[in-house]
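K.L.:
Can you read through this structure? Questions will come right after.
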Amino acid sequence: MTVTEAIAARRSVRGFLDRPVAPDLLHAIVTKAARAPSGGNLQPWHVDLVAGESLRQLKAIMRDTLAAGRIEPAAYAIYPPALGEPYRTRRFAVGEALYAALGVRRDDREARRRAFADNFAFFGAPAALFVTVDRAMGPPQWADLGMYLENVMLLAVEAGLATCPQECWAMYPETVTRFLATPPERMLFCGMAIGHEDPAAPANRLRTTRAPQSEWLTIRG
């Protein structure tokens, strides 16, 4: 598989088979991904792999947390509070497309709530990872995290696996921090579901679009 093919194949998968992933394979992926570029070679990422009984425990904790309606101060603002155009339209469109794939009506708030709750069960994935970062780090180091995570996702594609990066976990930083026993100087950045795609899952029918290059590319020279 070429890099070009891996990039084209990578998608955010929201439905996984009940099929375990070999721990050695997960370890190889997250280790190889650490060749990601990093300003000043800081390598600011810290990764927690979660699977097996630990993952079942976390899913149970989140079921109870969501059922109780508990909310926590978010680790950071996932989107700007005043999201302008064209970004607001893009975000709205992908949300509507996802719910349409799931057969959830726009006015069915309970069904939408249940669909969103699937995030916190990792969409049935048998493995997950969390990335945390020192709170002293700033936007340049957060960019390093993104490059590390992209490496993980492309290596997963190469290995025949699927992933879903999940910023939603930043909504429950206290719960995740307690579960992982993360030291106080580190902040939760995101989670990621990892496993084998369930081709029959309705959510996996979604294919997002990309803006035409005329909107974001300028060539000079």
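Quick note on naming: the chains in the structure tokens go A, B, ... in the order shown, residues restart at 1 in each chain, and ligands are numbered from 1 in order of appearance.
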Check the DSSP output for the backbone and give back, as a PyMOL selection string, the residues of segment 2-181 of chain A in strand (DSSP E or B).

P.N.:
chain A and resi 12+16+46-51+127-134+162-166

K.L.:
Write out, as a PDB file, in the first residue's frame, the residues just selected, with C-alpha atoms.

P.N.:
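As written to disk, part_33.pdb reads:
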ATOM      1  CA  SER A  12     -13.537   8.118  10.557  1.00  0.00           C
ATOM      2  CA  PHE A  16     -16.610  -1.761  14.549  1.00  0.00           C
ATOM      3  CA  HIS A  46       1.861  10.813  25.702  1.00  0.00           C
ATOM      4  CA  VAL A  47      -0.204   7.799  24.657  1.00  0.00           C
ATOM      5  CA  ASP A  48      -2.347   5.425  26.731  1.00  0.00           C
ATOM      6  CA  LEU A  49      -3.496   2.255  24.969  1.00  0.00           C
ATOM      7  CA  VAL A  50      -6.686   0.762  26.401  1.00  0.00           C
ATOM      8  CA  ALA A  51      -8.179  -2.629  25.525  1.00  0.00           C
ATOM      9  CA  ALA A 127      -9.215  -0.997  21.422  1.00  0.00           C
ATOM     10  CA  ALA A 128      -8.644   2.683  21.980  1.00  0.00           C
ATOM     11  CA  LEU A 129      -5.978   5.190  22.737  1.00  0.00           C
ATOM     12  CA  PHE A 130      -5.852   8.509  24.542  1.00  0.00           C
ATOM     13  CA  VAL A 131      -3.355  11.272  23.888  1.00  0.00           C
ATOM     14  CA  THR A 132      -2.408  13.674  26.654  1.00  0.00           C
ATOM     15  CA  VAL A 133       0.005  16.590  26.597  1.00  0.00           C
ATOM     16  CA  ASP A 134       1.822  18.714  29.151  1.00  0.00           C
ATOM     17  CA  ALA A 162      -9.993   1.364  10.975  1.00  0.00           C
ATOM     18  CA  THR A 163      -9.980   4.315  13.356  1.00  0.00           C
ATOM     19  CA  CYS A 164     -12.064   7.218  14.566  1.00  0.00           C
ATOM     20  CA  PRO A 165     -10.294  10.176  16.196  1.00  0.00           C
ATOM     21  CA  GLN A 166     -12.520  11.526  18.969  1.00  0.00           C
TER      22      GLN A 166
END

K.L.:
List the neighbours of Leu98 of chain A out to 7 Å using only C-alpha atoms; skip same-chain residues closer than 4 positions along the sequence, and give me the result as a PyMOL selection string.

P.N.:
chain A and resi 94+102+203+206

K.L.:
Using only C-alpha atoms, what does the table of segment 54-164 of chain A residues within 12 Å of segment 189-193 of chain A look like, with each row giving the shortest atom pair and its distance in Å to one decimal, sorted by chain and ascending number, as CSV?

P.N.:
residue,atom,partner,partner_atom,distance
A:Leu55,CA,A:Ala193,CA,10.7
A:Ala74,CA,A:Phe189,CA,10.5
A:Ala75,CA,A:Phe189,CA,7.6
A:Tyr76,CA,A:Phe189,CA,8.5
A:Ala77,CA,A:Phe189,CA,10.9
A:Ile78,CA,A:Phe189,CA,9.9
A:Asp118,CA,A:Ala193,CA,11.1
A:Asn119,CA,A:Ala193,CA,8.8
A:Phe120,CA,A:Ala193,CA,9.6
A:Ala121,CA,A:Ala193,CA,8.9
A:Phe122,CA,A:Ala193,CA,5.2
A:Phe123,CA,A:Ala193,CA,7.4
A:Gly124,CA,A:Ala193,CA,8.5
A:Ala125,CA,A:Ala193,CA,5.8
A:Pro126,CA,A:Ala193,CA,7.9
A:Ala127,CA,A:Ala193,CA,6.3
A:Ala128,CA,A:Ala193,CA,4.6
A:Leu129,CA,A:Met192,CA,5.3
A:Phe130,CA,A:Gly191,CA,4.3
A:Val131,CA,A:Phe189,CA,5.6
A:Thr132,CA,A:Phe189,CA,5.1
A:Val133,CA,A:Phe189,CA,6.7
A:Asp134,CA,A:Phe189,CA,9.8
A:Arg135,CA,A:Phe189,CA,10.1
A:Met137,CA,A:Phe189,CA,11.5
A:Gly138,CA,A:Phe189,CA,11.9
A:Pro139,CA,A:Phe189,CA,11.8
A:Gln141,CA,A:Phe189,CA,11.3
A:Trp142,CA,A:Phe189,CA,8.4
A:Ala143,CA,A:Phe189,CA,11.3
A:Asp144,CA,A:Phe189,CA,11.8
A:Leu145,CA,A:Phe189,CA,8.5
A:Gly146,CA,A:Phe189,CA,9.9
A:Leu149,CA,A:Met192,CA,8.8
A:Glu150,CA,A:Met192,CA,11.1
A:Val152,CA,A:Met192,CA,9.7
A:Met153,CA,A:Met192,CA,9.3
A:Ala156,CA,A:Ala193,CA,11.0
A:Leu161,CA,A:Ala193,CA,10.4
A:Ala162,CA,A:Ala193,CA,8.2
A:Thr163,CA,A:Ala193,CA,5.3
A:Cys164,CA,A:Ala193,CA,5.1

K.L.:
Separation of atom CA of Thr208 of chain A and atom CA of Ala97 of chain A, in Å?

P.N.:
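According to the coordinates, atom CA of Thr208 of chain A and atom CA of Ala97 of chain A are separated by 8.3 Å.
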
K.L.:
Smallest atom-to-atom distance to Gly69 of chain A: which of A:Thr89, A:Thr2, A:Leu26, A:Tyr172, using only C-alpha atoms?

P.N.:
A:Tyr172

K.L.:
Return the single residue from A:Asn204, A:Thr209, A:Ser214, A:Asn41 that is closest to Leu17 of chain A, with distances computed using only C-alpha atoms.

P.N.:
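Result for the nearest residue to Leu17 of chain A: A:Asn204.
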